[in-house]
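Asker: Contents are mmCIF, C-alpha atoms; file name target_25.cif:
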```cif
data_model
#
loop_
_atom_site.label_atom_id
_atom_site.label_comp_id
_atom_site.auth_asym_id
_atom_site.auth_seq_id
_atom_site.Cartn_x
_atom_site.Cartn_y
_atom_site.Cartn_z
CA MET A 1 6.33 26.26 -71.81
CA ASN A 2 3.16 25.37 -69.93
CA ARG A 3 3.45 21.68 -69.07
CA VAL A 4 0.94 20.09 -66.70
CA TYR A 5 1.28 17.19 -64.32
CA ASN A 6 -0.09 14.30 -66.35
CA PHE A 7 -1.46 11.45 -64.19
CA SER A 8 -2.66 9.42 -67.17
CA ALA A 9 -2.53 5.64 -66.81
CA GLY A 10 -1.24 5.34 -70.37
CA PRO A 11 -0.09 6.67 -72.66
CA SER A 12 1.61 8.40 -69.79
CA MET A 13 4.01 11.26 -69.28
CA LEU A 14 7.62 10.91 -70.40
CA PRO A 15 10.69 12.40 -68.70
CA LEU A 16 11.18 15.99 -69.81
CA GLU A 17 14.89 15.34 -70.39
CA VAL A 18 13.99 12.50 -72.76
CA LEU A 19 11.52 14.65 -74.68
CA GLU A 20 14.07 17.43 -75.02
CA LYS A 21 16.74 15.01 -76.22
CA ALA A 22 14.33 13.54 -78.76
CA ALA A 23 13.37 17.04 -79.91
CA SER A 24 17.00 17.97 -80.48
CA GLU A 25 17.46 14.88 -82.67
CA LEU A 26 14.06 14.90 -84.34
CA VAL A 27 15.06 16.36 -87.70
CA CYS A 28 18.57 14.95 -87.88
CA TYR A 29 19.91 12.03 -85.84
CA GLY A 30 23.65 12.25 -85.38
CA GLU A 31 25.43 12.49 -88.72
CA SER A 32 22.75 10.50 -90.54
CA GLY A 33 21.14 13.51 -92.21
CA MET A 34 17.66 12.23 -91.41
CA SER A 35 15.21 11.63 -88.59
CA VAL A 36 15.02 8.25 -86.89
CA MET A 37 11.45 8.14 -88.23
CA GLU A 38 12.86 8.15 -91.77
CA MET A 39 15.58 5.54 -91.35
CA SER A 40 15.61 2.08 -92.83
CA HIS A 41 15.49 -0.41 -89.99
CA ARG A 42 18.25 -2.28 -91.84
CA SER A 43 20.60 0.70 -91.86
CA PRO A 44 23.75 0.74 -89.70
CA ASP A 45 22.49 3.79 -87.82
CA TYR A 46 19.25 2.10 -86.82
CA GLU A 47 20.84 -1.25 -86.06
CA ALA A 48 23.07 0.61 -83.59
CA ILE A 49 19.97 2.16 -81.96
CA ILE A 50 18.11 -1.13 -81.45
CA ASN A 51 21.26 -2.92 -80.31
CA ASP A 52 22.01 -0.17 -77.80
CA ALA A 53 18.41 -0.29 -76.56
CA GLU A 54 18.69 -4.00 -75.84
CA LYS A 55 22.11 -3.61 -74.24
CA MET A 56 20.86 -0.84 -71.93
CA LEU A 57 17.72 -2.76 -70.95
CA ARG A 58 19.78 -5.85 -70.16
CA GLU A 59 22.00 -3.73 -67.94
CA LEU A 60 19.04 -2.06 -66.23
CA MET A 61 17.14 -5.26 -65.49
CA ASN A 62 20.17 -7.54 -65.16
CA ILE A 63 18.72 -9.84 -67.83
CA PRO A 64 20.73 -13.08 -68.14
CA GLU A 65 22.18 -14.17 -71.47
CA ASN A 66 19.80 -17.14 -71.68
CA TYR A 67 16.84 -14.77 -72.06
CA LYS A 68 15.84 -13.20 -75.36
CA VAL A 69 14.70 -9.57 -75.50
CA LEU A 70 12.06 -8.90 -78.14
CA PHE A 71 10.84 -5.48 -79.29
CA LEU A 72 7.41 -6.15 -80.78
CA GLN A 73 4.14 -4.52 -81.79
CA GLY A 74 0.49 -5.14 -81.01
CA GLY A 75 0.36 -4.10 -77.37
CA ALA A 76 0.33 -6.35 -74.33
CA SER A 77 -3.19 -7.42 -75.34
CA THR A 78 -1.77 -9.27 -78.35
CA GLN A 79 0.40 -11.24 -75.96
CA PHE A 80 -2.77 -12.53 -74.30
CA ALA A 81 -3.00 -14.82 -77.33
CA ALA A 82 0.72 -15.12 -78.03
CA VAL A 83 1.47 -16.54 -74.56
CA PRO A 84 -0.66 -19.69 -74.88
CA LEU A 85 0.16 -20.06 -78.57
CA ASN A 86 3.87 -20.11 -77.72
CA LEU A 87 3.80 -22.10 -74.48
CA ILE A 88 0.78 -24.28 -73.86
CA LYS A 89 1.99 -27.02 -76.19
CA ARG A 90 4.48 -27.97 -73.45
CA THR A 91 1.75 -29.82 -71.54
CA GLY A 92 -1.57 -28.78 -73.03
CA LYS A 93 -2.86 -26.79 -70.06
CA ALA A 94 -2.13 -23.60 -68.13
CA ASP A 95 -3.13 -21.86 -64.88
CA TYR A 96 -4.14 -18.21 -64.52
CA VAL A 97 -4.47 -15.84 -61.58
CA VAL A 98 -7.17 -13.21 -62.16
CA SER A 99 -6.47 -10.08 -60.11
CA GLY A 100 -8.07 -7.45 -62.34
CA GLN A 101 -9.35 -6.60 -65.78
CA PHE A 102 -6.26 -7.36 -67.84
CA SER A 103 -5.45 -10.71 -66.24
CA GLY A 104 -9.11 -11.55 -66.76
CA LYS A 105 -8.84 -10.66 -70.44
CA ALA A 106 -5.70 -12.80 -70.77
CA PHE A 107 -7.54 -15.74 -69.21
CA LYS A 108 -10.55 -15.30 -71.50
CA GLU A 109 -8.31 -15.06 -74.57
CA ALA A 110 -6.72 -18.42 -73.75
CA GLN A 111 -10.20 -19.88 -73.20
CA LYS A 112 -11.31 -18.45 -76.55
CA LEU A 113 -8.50 -20.36 -78.25
CA GLY A 114 -9.96 -23.57 -76.84
CA TYR A 115 -7.20 -24.47 -74.41
CA ASP A 116 -7.44 -26.21 -71.05
CA VAL A 117 -6.88 -23.18 -68.84
CA LYS A 118 -7.90 -22.83 -65.20
CA CYS A 119 -8.34 -19.81 -62.95
CA ILE A 120 -6.60 -20.96 -59.79
CA ALA A 121 -7.17 -17.76 -57.78
CA THR A 122 -9.09 -14.51 -58.08
CA THR A 123 -10.12 -11.56 -55.93
CA LYS A 124 -13.10 -10.64 -58.10
CA ASP A 125 -15.58 -11.09 -55.22
CA ASP A 126 -13.63 -8.44 -53.28
CA ASN A 127 -13.73 -6.00 -56.20
CA PHE A 128 -10.04 -6.72 -56.78
CA ASP A 129 -8.99 -4.71 -53.72
CA HIS A 130 -5.94 -6.94 -53.21
CA VAL A 131 -3.91 -9.53 -55.09
CA PRO A 132 -4.47 -13.22 -54.37
CA VAL A 133 -2.10 -15.30 -52.31
CA VAL A 134 -0.78 -17.94 -54.68
CA THR A 135 0.86 -21.04 -53.25
CA LYS A 136 2.58 -23.87 -55.07
CA ASP A 137 -0.05 -26.43 -54.07
CA MET A 138 -2.73 -24.45 -55.96
CA ILE A 139 -0.93 -24.96 -59.28
CA ARG A 140 -1.61 -28.04 -61.40
CA PRO A 141 1.65 -30.01 -61.50
CA ASP A 142 1.35 -30.47 -65.28
CA ALA A 143 0.58 -26.82 -66.10
CA ALA A 144 2.65 -25.43 -68.96
CA TYR A 145 2.87 -22.08 -67.20
CA VAL A 146 1.25 -19.85 -64.59
CA HIS A 147 0.12 -16.39 -65.71
CA VAL A 148 -0.18 -13.29 -63.50
CA CYS A 149 -0.58 -9.56 -64.04
CA PHE A 150 2.03 -8.10 -61.70
CA ASN A 151 0.57 -4.60 -61.36
CA ASN A 152 -3.12 -3.92 -61.90
CA THR A 153 -3.42 -0.48 -63.47
CA ILE A 154 -7.18 -0.07 -63.07
CA TYR A 155 -7.49 -1.18 -59.45
CA GLY A 156 -4.15 0.07 -58.13
CA THR A 157 -2.84 -3.24 -56.81
CA LYS A 158 0.52 -4.97 -57.16
CA TYR A 159 2.11 -8.24 -56.11
CA GLY A 160 4.35 -7.63 -53.13
CA TYR A 161 5.89 -11.03 -53.70
CA ILE A 162 6.82 -13.31 -56.59
CA PRO A 163 4.61 -16.41 -56.64
CA GLU A 164 6.55 -19.62 -56.17
CA THR A 165 5.84 -21.94 -59.08
CA GLY A 166 8.75 -24.38 -58.86
CA ASP A 167 9.71 -25.79 -62.26
CA ILE A 168 6.59 -24.37 -63.92
CA PRO A 169 7.39 -21.14 -65.79
CA LEU A 170 5.87 -17.98 -64.35
CA VAL A 171 4.56 -15.58 -67.00
CA ALA A 172 3.96 -11.98 -65.93
CA ASP A 173 2.30 -9.01 -67.58
CA MET A 174 4.32 -6.10 -66.19
CA SER A 175 2.94 -3.37 -68.41
CA SER A 176 2.40 -0.82 -65.66
CA CYS A 177 5.39 -1.54 -63.42
CA ILE A 178 8.22 -2.50 -65.79
CA ILE A 179 11.55 -0.80 -64.93
CA SER A 180 10.05 0.88 -61.85
CA GLU A 181 12.20 -1.17 -59.46
CA PRO A 182 14.65 -4.08 -59.58
CA ILE A 183 13.12 -7.47 -60.32
CA ASP A 184 14.76 -10.92 -60.39
CA VAL A 185 14.20 -11.89 -64.02
CA THR A 186 15.32 -15.46 -63.31
CA LYS A 187 12.14 -16.02 -61.28
CA PHE A 188 10.12 -15.70 -64.50
CA GLY A 189 9.89 -17.68 -67.70
CA VAL A 190 8.37 -14.76 -69.58
CA ILE A 191 7.88 -11.07 -68.82
CA TYR A 192 5.90 -8.92 -71.22
CA ALA A 193 4.83 -5.30 -71.13
CA GLY A 194 3.26 -2.57 -73.18
CA ALA A 195 5.73 0.32 -73.22
CA GLN A 196 3.32 3.25 -72.97
CA LYS A 197 3.29 3.55 -69.19
CA ASN A 198 6.90 3.55 -68.00
CA MET A 199 9.08 2.97 -71.00
CA ALA A 200 8.16 4.79 -74.21
CA PRO A 201 5.27 6.17 -76.26
CA ALA A 202 2.54 3.75 -77.33
CA GLY A 203 3.45 1.31 -80.08
CA LEU A 204 6.13 -0.89 -78.52
CA THR A 205 5.62 -4.17 -76.67
CA LEU A 206 8.49 -5.78 -74.79
CA VAL A 207 8.82 -9.54 -74.35
CA ILE A 208 11.60 -11.11 -72.28
CA VAL A 209 11.57 -14.88 -72.71
CA ARG A 210 13.83 -17.67 -71.50
CA GLU A 211 15.46 -19.43 -74.43
CA ASP A 212 14.33 -22.95 -73.50
CA LEU A 213 10.71 -21.83 -73.87
CA LEU A 214 11.05 -20.93 -77.55
CA ASP A 215 10.45 -24.43 -78.94
CA TYR A 216 6.78 -24.98 -78.12
CA ALA A 217 4.93 -22.77 -80.58
CA GLU A 218 1.78 -24.10 -82.21
CA GLU A 219 2.52 -25.23 -85.76
CA LYS A 220 -0.31 -23.23 -87.31
CA MET A 221 0.11 -20.08 -85.27
CA PRO A 222 0.57 -16.73 -87.05
CA THR A 223 4.25 -16.10 -87.73
CA MET A 224 4.02 -12.60 -86.29
CA LEU A 225 3.09 -14.04 -82.88
CA GLU A 226 5.88 -16.62 -82.76
CA TRP A 227 8.57 -15.55 -80.32
CA LYS A 228 11.22 -17.88 -81.79
CA THR A 229 10.87 -16.30 -85.24
CA MET A 230 11.19 -12.83 -83.74
CA ALA A 231 14.19 -13.88 -81.64
CA GLU A 232 15.96 -15.42 -84.64
CA ASN A 233 15.44 -12.21 -86.58
CA GLY A 234 16.54 -9.79 -83.86
CA SER A 235 13.01 -8.37 -83.52
CA MET A 236 13.18 -7.42 -87.20
CA TYR A 237 11.27 -10.14 -89.02
CA ASN A 238 9.28 -7.17 -90.29
CA THR A 239 9.69 -3.43 -89.73
CA PRO A 240 9.67 -2.87 -85.96
CA PRO A 241 8.24 0.23 -84.24
CA CYS A 242 11.49 2.05 -84.96
CA TYR A 243 10.91 5.45 -83.38
CA THR A 244 9.31 4.02 -80.24
CA ILE A 245 12.31 1.74 -79.71
CA TYR A 246 14.54 4.80 -80.07
CA MET A 247 12.46 6.59 -77.41
CA ALA A 248 12.73 3.56 -75.13
CA LYS A 249 16.51 3.70 -75.55
CA LEU A 250 16.48 7.32 -74.37
CA VAL A 251 14.41 6.34 -71.34
CA TYR A 252 16.82 3.51 -70.47
CA GLU A 253 19.70 5.96 -70.85
CA TRP A 254 17.92 8.43 -68.54
CA ILE A 255 17.44 5.82 -65.80
CA LEU A 256 20.99 4.51 -66.09
CA GLY A 257 22.24 8.07 -65.83
CA MET A 258 20.43 8.45 -62.50
CA GLY A 259 21.95 5.27 -61.11
CA GLY A 260 19.66 2.49 -62.30
CA LEU A 261 16.62 0.75 -60.89
CA GLU A 262 17.65 0.90 -57.22
CA VAL A 263 17.61 4.69 -57.46
CA MET A 264 14.36 4.60 -59.43
CA LYS A 265 12.74 2.41 -56.78
CA GLN A 266 13.79 4.85 -54.05
CA ARG A 267 12.25 7.72 -56.01
CA ASN A 268 9.04 5.80 -56.56
CA VAL A 269 8.74 4.70 -52.94
CA GLU A 270 9.14 8.30 -51.78
CA LYS A 271 6.55 9.59 -54.27
CA ALA A 272 3.98 6.95 -53.38
CA ALA A 273 4.53 7.56 -49.66
CA VAL A 274 3.57 11.23 -50.05
CA LEU A 275 0.15 10.26 -51.40
CA TYR A 276 -0.52 7.16 -49.29
CA ASP A 277 0.57 8.89 -46.07
CA TYR A 278 -1.98 11.60 -46.73
CA LEU A 279 -4.72 9.11 -47.60
CA ASP A 280 -4.04 7.15 -44.40
CA ASN A 281 -4.29 10.20 -42.15
CA GLN A 282 -7.56 11.81 -43.23
CA SER A 283 -11.20 10.77 -43.55
CA TYR A 284 -12.49 12.59 -46.64
CA TYR A 285 -11.08 10.22 -49.28
CA ILE A 286 -11.30 6.46 -49.27
CA ALA A 287 -8.39 4.32 -50.48
CA PRO A 288 -9.98 0.95 -51.39
CA VAL A 289 -6.83 -1.13 -51.85
CA LYS A 290 -5.55 -3.22 -48.96
CA LYS A 291 -2.20 -1.94 -47.73
CA ASP A 292 -0.22 -5.10 -48.52
CA SER A 293 -1.30 -4.92 -52.18
CA ARG A 294 -0.81 -1.23 -52.90
CA SER A 295 0.77 -0.22 -56.17
CA MET A 296 3.55 2.37 -56.33
CA MET A 297 2.49 3.19 -59.88
CA ASN A 298 -1.31 3.57 -59.75
CA VAL A 299 -3.01 5.02 -56.67
CA THR A 300 -6.81 4.81 -56.55
CA PHE A 301 -9.14 6.72 -54.24
CA VAL A 302 -12.76 7.92 -54.07
CA THR A 303 -14.81 10.40 -52.08
CA GLY A 304 -17.77 8.04 -51.83
CA ASP A 305 -19.91 10.43 -53.85
CA ALA A 306 -19.90 10.01 -57.64
CA ASP A 307 -20.80 13.66 -58.22
CA LEU A 308 -17.96 14.83 -55.99
CA ASP A 309 -15.57 12.49 -57.78
CA LYS A 310 -16.57 14.03 -61.10
CA LYS A 311 -16.13 17.54 -59.72
CA PHE A 312 -12.72 16.60 -58.30
CA ALA A 313 -11.39 15.40 -61.64
CA SER A 314 -12.74 18.46 -63.44
CA GLU A 315 -11.33 21.00 -61.01
CA ALA A 316 -8.02 19.17 -60.74
CA ALA A 317 -7.60 19.39 -64.52
CA LYS A 318 -8.17 23.15 -64.36
CA ALA A 319 -5.44 23.31 -61.72
CA GLY A 320 -2.95 21.59 -64.04
CA LEU A 321 -3.43 18.08 -62.61
CA LYS A 322 -4.62 16.18 -65.66
CA ASN A 323 -6.17 12.74 -66.19
CA LEU A 324 -7.10 11.90 -62.61
CA LYS A 325 -10.46 10.41 -63.49
CA GLY A 326 -10.61 6.72 -62.60
CA HIS A 327 -11.14 4.02 -65.18
CA ARG A 328 -14.64 3.98 -66.59
CA SER A 329 -15.29 0.51 -65.12
CA VAL A 330 -14.64 1.55 -61.51
CA GLY A 331 -15.02 5.34 -61.34
CA GLY A 332 -13.42 7.47 -58.65
CA MET A 333 -9.92 8.81 -59.12
CA ARG A 334 -6.62 7.28 -60.13
CA ALA A 335 -3.23 8.93 -59.90
CA SER A 336 -0.71 7.15 -62.10
CA ILE A 337 2.68 8.18 -60.77
CA TYR A 338 5.05 6.35 -63.08
CA ASN A 339 8.81 6.89 -63.26
CA ALA A 340 8.53 10.20 -65.10
CA MET A 341 6.22 11.82 -62.54
CA PRO A 342 8.31 14.10 -60.29
CA LYS A 343 7.73 14.16 -56.55
CA ALA A 344 6.62 17.77 -56.90
CA GLY A 345 3.65 16.59 -58.96
CA VAL A 346 2.48 14.28 -56.19
CA GLU A 347 2.97 17.00 -53.60
CA LYS A 348 0.87 19.39 -55.66
CA LEU A 349 -1.85 16.73 -55.95
CA VAL A 350 -1.97 16.32 -52.17
CA GLU A 351 -2.21 20.09 -51.73
CA PHE A 352 -5.14 20.13 -54.14
CA MET A 353 -6.81 17.20 -52.36
CA LYS A 354 -6.62 19.07 -49.06
CA ALA A 355 -8.05 22.26 -50.56
CA PHE A 356 -10.82 20.35 -52.36
CA ALA A 357 -11.88 18.55 -49.18
CA GLU A 358 -12.07 21.81 -47.28
CA ALA A 359 -14.06 23.55 -50.01
CA ASN A 360 -16.45 20.65 -50.60
CA PRO A 361 -17.67 19.25 -47.28
CA LYS A 362 -19.70 16.06 -47.50
CA ALA A 363 -23.34 16.09 -46.46
#
```
Represent the structure contained in this file as structure tokens.

Answerer:
Amino acid sequence: MNRVYNFSAGPSMLPLEVLEKAASELVCYGESGMSVMEMSHRSPDYEAIINDAEKMLRELMNIPENYKVLFLQGGASTQFAAVPLNLIKRTGKADYVVSGQFSGKAFKEAQKLGYDVKCIATTKDDNFDHVPVVTKDMIRPDAAYVHVCFNNTIYGTKYGYIPETGDIPLVADMSSCIISEPIDVTKFGVIYAGAQKNMAPAGLTLVIVREDLLDYAEEKMPTMLEWKTMAENGSMYNTPPCYTIYMAKLVYEWILGMGGLEVMKQRNVEKAAVLYDYLDNQSYYIAPVKKDSRSMMNVTFVTGDADLDKKFASEAAKAGLKNLKGHRSVGGMRASIYNAMPKAGVEKLVEFMKAFAEANPKA
């Protein structure tokens, strides 16, 4: 087996143990005589899978009983529309913090729907090299919710704090940091995330929503975007992404088996420190993100020379370090070191970075 270290921002690498478990059950799951991919979502075998997935996620994240867990489709980008369609009717307006591309897209989607939405803070003028400081006095007192993107995959930034919004629900896109560390779910009205970075293969979208926020959906909104309908039907109003939910269950099981999110956070802190410590103690590579906003999941860096950056990504791939090219909108390099990335992968990356710098002196 010739597996590489995959630094892709998503779809990302999955734990080898999870892949091997899935492979062993691919053709026949338990005593069912069929693959999970072939099962009816209404069958007892599959109902046990989705119920176990929710139970394990609740345990992992310590999700209170007054929150609904929804396993949906459409990616986090579909939730850019679903959030205002489900919530803005509370007061008719909402506030957004724009800290990168995806929070900007969420803001524009709400604008496109014709709602009274306001960008209350952004770091666009600083090329999104840090997350904004959001204080309660910046928020309109009659806002239906405040929306943030908790970890910015493209720019490599993350909130080191939870914005204080008082009685106004905080809505967070956590696509690239979900289940990477403990989080106090009660500080949020809604958490949503695409699964393809830390949780499962592409195809599953997670929504965690407080029950009292389920009664504000627009009357003419598409049924498939209405959280209350999905909650009342146990995420099975239609056929859910069955196999991806099964894979998510295996990932939850893997993390629980290691000791939960406190252990996962420790692993992730140690991995990120290997790379950031190197970046902070050399002069060849530039790390653009301010230290108080650094992501544990997505680490960005550049050489300052676009041709060298291109050469770096190409030679790294040949060395078994795949998908290090930065997002097309910003260039440079990006190492996505999600839960499944072992520390050895980060250590090998640093070794390569040292060798590349020595072999390619700048003019």

Asker: How many Å separate CA of Asn62 (chain A) from CA of Ile208 (chain A)?

Answerer: 11.7 Å

Asker: Taking 5 positions as the minimum chain separation for residues in the same chain, which residues sit within 10 Å of Met247 (chain A) when counting only C-alpha atoms? Answer as a PyMOL selection string.

Answerer: chain A and resi 14+18-19+21-22+36+49+53+199-201+204+242+252-253

Asker: Please write as number ranges by chain the full residue list that the PyMOL selection byres ((chain A and resi 320-330) around 12) yields on this file.

Answerer: A: 2-13, 100-101, 127-129, 152-156, 288, 298-303, 306, 308-319, 331-337, 341, 344-353

Asker: Using only C-alpha atoms for the distances, tell me which of A:Tyr192, A:Phe80, A:Tyr278, A:Tyr216 is nearest to Gly92 (chain A).

Answerer: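 Checking each candidate against Gly92 (chain A), we get A:Tyr216 as the closest.
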
Asker: Go through A:Ile178, A:Val27, A:Ile245, A:Leu256 and flag the residue nearest Met56 (chain A), using all atoms listed in the file for the distances.

Answerer: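 That would be A:Leu256, the residue with the smallest distance to Met56 (chain A).
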
Asker: Assuming the chain letters and numbering stay as they are in my file, what does the PyMOL selection byres ((chain A and resi 115) around 12) actually select? List them as a list in words.

Answerer: Ala81, Val83, Pro84, Leu85, Leu87, Ile88, Lys89, Thr91, Gly92, Lys93, Ala94, Asp95, Phe107, Lys108, Glu109, Ala110, Gln111, Lys112, Leu113, Gly114, Asp116, Val117, Lys118, Ala143, Ala144 and Glu218 of chain A

Asker: Go ahead and compute the interatomic distance for CA of Asp277 (chain A) and CA of Asp126 (chain A), in Å to one decimal.

Answerer: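 Taking CA of Asp277 (chain A) as the start and CA of Asp126 (chain A) as the end point, the length is 23.5 Å.
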
Asker: Under the rule that all atoms listed in the file are counted, which of A:Asp292, A:Trp254, A:Asp215, A:Asp305 is the nearest residue to Leu16 (chain A)?

Answerer: A:Trp254

Asker: Running the PyMOL selection byres ((chain A and resi 295) around 7) on this model by hand, what would come out? Give it as a PDB file with C-alpha atoms, keeping the file's coordinate frame.

Answerer:
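After the write, result.pdb holds the following:
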```pdb
ATOM      1  CA  ASN A 151       0.570  -4.600 -61.360  1.00  0.00           C
ATOM      2  CA  GLY A 156      -4.150   0.070 -58.130  1.00  0.00           C
ATOM      3  CA  THR A 157      -2.840  -3.240 -56.810  1.00  0.00           C
ATOM      4  CA  LYS A 158       0.520  -4.970 -57.160  1.00  0.00           C
ATOM      5  CA  SER A 293      -1.300  -4.920 -52.180  1.00  0.00           C
ATOM      6  CA  ARG A 294      -0.810  -1.230 -52.900  1.00  0.00           C
ATOM      7  CA  MET A 296       3.550   2.370 -56.330  1.00  0.00           C
ATOM      8  CA  MET A 297       2.490   3.190 -59.880  1.00  0.00           C
ATOM      9  CA  ASN A 298      -1.310   3.570 -59.750  1.00  0.00           C
ATOM     10  CA  VAL A 299      -3.010   5.020 -56.670  1.00  0.00           C
TER      11      VAL A 299
END
```

Asker: Just checking: using all atoms listed in the file, which residue out of A:Tyr246, A:Phe356, A:Tyr338, A:Tyr145 ends up closest to Ser176 (chain A)?

Answerer: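 Between A:Tyr246, A:Phe356, A:Tyr338, A:Tyr145, the residue approaching Ser176 (chain A) most closely is A:Tyr338.
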
Asker: Using the partial input, fill out region 137-150 of chain A with N, CA, C and O atoms; write the result as a compact mmCIF listing (two decimals), keeping the file's coordinate frame.

Answerer:
```txt
# COMPACT_ATOMS: atom_id res chain seq x y z
N ASP A 137 0.90 -25.32 -54.06
CA ASP A 137 -0.05 -26.43 -54.07
C ASP A 137 -1.33 -26.11 -54.85
O ASP A 137 -2.11 -27.01 -55.17
N MET A 138 -1.56 -24.84 -55.18
CA MET A 138 -2.73 -24.45 -55.96
C MET A 138 -2.53 -24.71 -57.45
O MET A 138 -3.49 -24.77 -58.22
N ILE A 139 -1.29 -24.85 -57.87
CA ILE A 139 -0.93 -24.96 -59.28
C ILE A 139 -0.98 -26.42 -59.73
O ILE A 139 -0.47 -27.31 -59.04
N ARG A 140 -1.59 -26.68 -60.85
CA ARG A 140 -1.61 -28.04 -61.40
C ARG A 140 -0.18 -28.46 -61.75
O ARG A 140 0.55 -27.70 -62.42
N PRO A 141 0.25 -29.61 -61.29
CA PRO A 141 1.65 -30.01 -61.50
C PRO A 141 2.04 -30.16 -62.96
O PRO A 141 3.23 -30.13 -63.29
N ASP A 142 1.05 -30.32 -63.85
CA ASP A 142 1.35 -30.47 -65.28
C ASP A 142 0.97 -29.22 -66.07
O ASP A 142 0.81 -29.28 -67.30
N ALA A 143 0.86 -28.08 -65.39
CA ALA A 143 0.58 -26.82 -66.10
C ALA A 143 1.80 -26.42 -66.92
O ALA A 143 2.94 -26.59 -66.49
N ALA A 144 1.55 -25.89 -68.11
CA ALA A 144 2.65 -25.43 -68.96
C ALA A 144 3.25 -24.14 -68.43
O ALA A 144 4.43 -23.86 -68.63
N TYR A 145 2.41 -23.33 -67.78
CA TYR A 145 2.87 -22.08 -67.20
C TYR A 145 1.79 -21.56 -66.26
O TYR A 145 0.65 -22.02 -66.25
N VAL A 146 2.18 -20.58 -65.44
CA VAL A 146 1.25 -19.85 -64.59
C VAL A 146 1.33 -18.39 -64.99
O VAL A 146 2.42 -17.82 -65.10
N HIS A 147 0.16 -17.77 -65.23
CA HIS A 147 0.12 -16.39 -65.71
C HIS A 147 -0.42 -15.46 -64.63
O HIS A 147 -1.44 -15.74 -64.00
N VAL A 148 0.28 -14.33 -64.42
CA VAL A 148 -0.18 -13.29 -63.50
C VAL A 148 -0.02 -11.92 -64.16
O VAL A 148 0.78 -11.76 -65.08
N CYS A 149 -0.80 -10.96 -63.69
CA CYS A 149 -0.58 -9.56 -64.04
C CYS A 149 0.02 -8.91 -62.80
O CYS A 149 -0.64 -8.82 -61.76
N PHE A 150 1.27 -8.48 -62.89
CA PHE A 150 2.03 -8.10 -61.70
C PHE A 150 1.54 -6.80 -61.06
O PHE A 150 1.60 -6.64 -59.84
```
